[in-house]
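See below for the structure under consideration.
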Amino acid sequence: MATCDELVRIWPERWPRPDADNTKHCAAMVKKFGRDFAYRDPASIEREEAREWCLANLGRARYVRTMFNDLVSDGIIEENVFAAMKLPIKGEKPIVVPEEEQIEALTSAARGRGEVELATRIEFAAYTGMRYGEQRAVIVPGGSGPGNLFRLDTPDDLGRCRIDWQISRSGKMKPPKTARSVRPIIVPAQAQAAVREAMEVHAGKRPFLWPTGGKEHLRAWSALRREVGIWFRWHDLRHYHATWLLNLDGTIDDVAKQLGCKPEEVRDRYGHPDTEKALGRLEGLLGD
């Protein structure tokens with residue numbers, strides 16, 4: 001019986017690697033499984049690396065899930081390998097709320113690698129709660145054109161940003177996810193510092209503050225987490241921001257306005273307030 005560790009290192013014959021003769025199948029393999037993995041020797045792919053790739057690419061990972069489920073139906077393995085690897089099934093994604101120390105470790109490591117753009121991108125996402133596509137559409141402060149603009153009264157006033165656009169995975173500019181997502185947001189001091197630092201290294205490459213595209217960003221983000229050994233999704237930075245605001249005594253309605261979602265989404269999904277702080281607030285109320 002094949003073990004979970006063995007299965008992530010092998011390619012069944014029915015799913016040949018891209019060096020096989022079937023060119024059409026090879027193209028499909030690259031598209032569905034990712035060029036970085038498809039062209040590598042299976043023995044060189046670490047289990048944790050495969051797990052992290054699947055977490056970050058659940059759309060393409062459906063192909064992998066189908067492969068493993070076929071092995072189950074053929075009797076090659078006894079259980080769903082995704083379950084054995086503790087991966088989400090049927091599109092479910094685990095929520096990992098990052099800790100401030102983890103964010104600092106990642107940004108410090110990114111700066112150590114000379115990736116200032118990635119470091120500032122992480123900080124801005126953590127302290128504004130923007131979705132990734134919304135952040136991609138942020139225009140350089142003082143710029144113009146379609147994009148999410150900082151409303152500047154003076155060059156140093158980076159206190160607010162207007163969300164009117166997002167950039168899709170394909171690179172197309174389109175309206176935000178929902179009508180609630182069209183909103184002004186507060187940009188706190190931590191995010192303002194990230195903006196100023198990003199502007200110093202931007203060098204006018206594009207009108208957008210963070211010009212690196214989706215694939216390049218994902219590659220750098222995955223490499224950074226692998227180096228530091230901290231594993232959470234980019235979208236989990238949004239959960240961090242909601243939790244951070246709630247721990248600062250922000251109301252659910254206030255946080256919903258900042259995130260551009262419904263209050264019940266903050267309560268049921270995004271908000272993970274600190275239990276001790278919540279109990280302390282209750283003690284204050286009951287002690288009066």
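Within each chain, counting starts at residue 1; across the structure tokens, chains are named A, B, ... in the order shown, with ligands numbered 1 upward in that order.
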
Subject >> Residue contacts of region 136-141 of chain A (8 Å, only C-alpha atoms) excluding same-chain residues fewer than 5 positions away, as a list of chain:residue names >> reply: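 So the residues in contact are A:Gly147, A:Asn148, A:Leu149, A:Phe150, A:Arg151, A:Leu152, A:Leu158, A:Trp165, A:Gln166, A:Ile167, A:Met173, A:Met199, A:Pro207, A:Phe208, A:Leu209, A:Trp210, A:Pro211.
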
**OP:** Using only C-alpha atoms, determine which residues lie at most 10 Å from region 232-240 of chain A, disregarding the query and same-chain residues fewer than 5 positions distant; provide the list as a ChimeraX atom specification.
**Re:** /A:52,55-56,93-100,102-103,122-132,218,221-222,225,245-246,259,266,269-273

**OP:** Pick out the closest residue to Gly145 (chain A) from this set: A:Ala110, A:Asp164, A:Ala256, A:Thr212. Count only C-alpha atoms.
**Re:**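 So, comparing all the options, the nearest one is A:Asp164.
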
**OP:** Rounded to one decimal place, report the CA of Ala278 (chain A)-CA of Pro263 (chain A) distance in Å.
**Re:** 18.3 Å

Original post:
Quick one: of A:Ala223, A:Ile186, A:Leu286, A:Leu106, who's nearest to Gln258 (chain A), counting only C-alpha atoms?
Top reply: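 Among A:Ala223, A:Ile186, A:Leu286, A:Leu106, it is A:Ile186 that comes nearest to Gln258 (chain A).
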
**OP:** Report the distance between CA of Gly213 (chain A) and CA of Trp244 (chain A) in Å, rounded to one decimal place.
**Re:** 27.8 Å

Subject >> Among listed residues A:Ala191, A:Leu224, A:Leu282, A:Ala198, nearest His241 (chain A) (using only C-alpha atoms) >> reply: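 Smallest distance to His241 (chain A) is found for A:Ala191.
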
**OP:** Kindly give the distance, in Å, that separates CA of Arg219 (chain A) and CA of Arg206 (chain A), rounded to a single decimal.
**Re:** 20.2 Å

Original post:
If you run DSSP on the backbone, which residues of region 163-257 of chain A are alpha helix (DSSP H), as number ranges by chain?
Top reply: A: 189-202, 214-228, 236-247, 252-257

Original post:
Between A:Leu285, A:Asn247, A:Arg196, A:Glu134, which has the minimum distance to Ser168 (chain A) (counting only C-alpha atoms)?
Top reply: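 Counting only C-alpha atoms, the residue closest to Ser168 (chain A) is A:Glu134.
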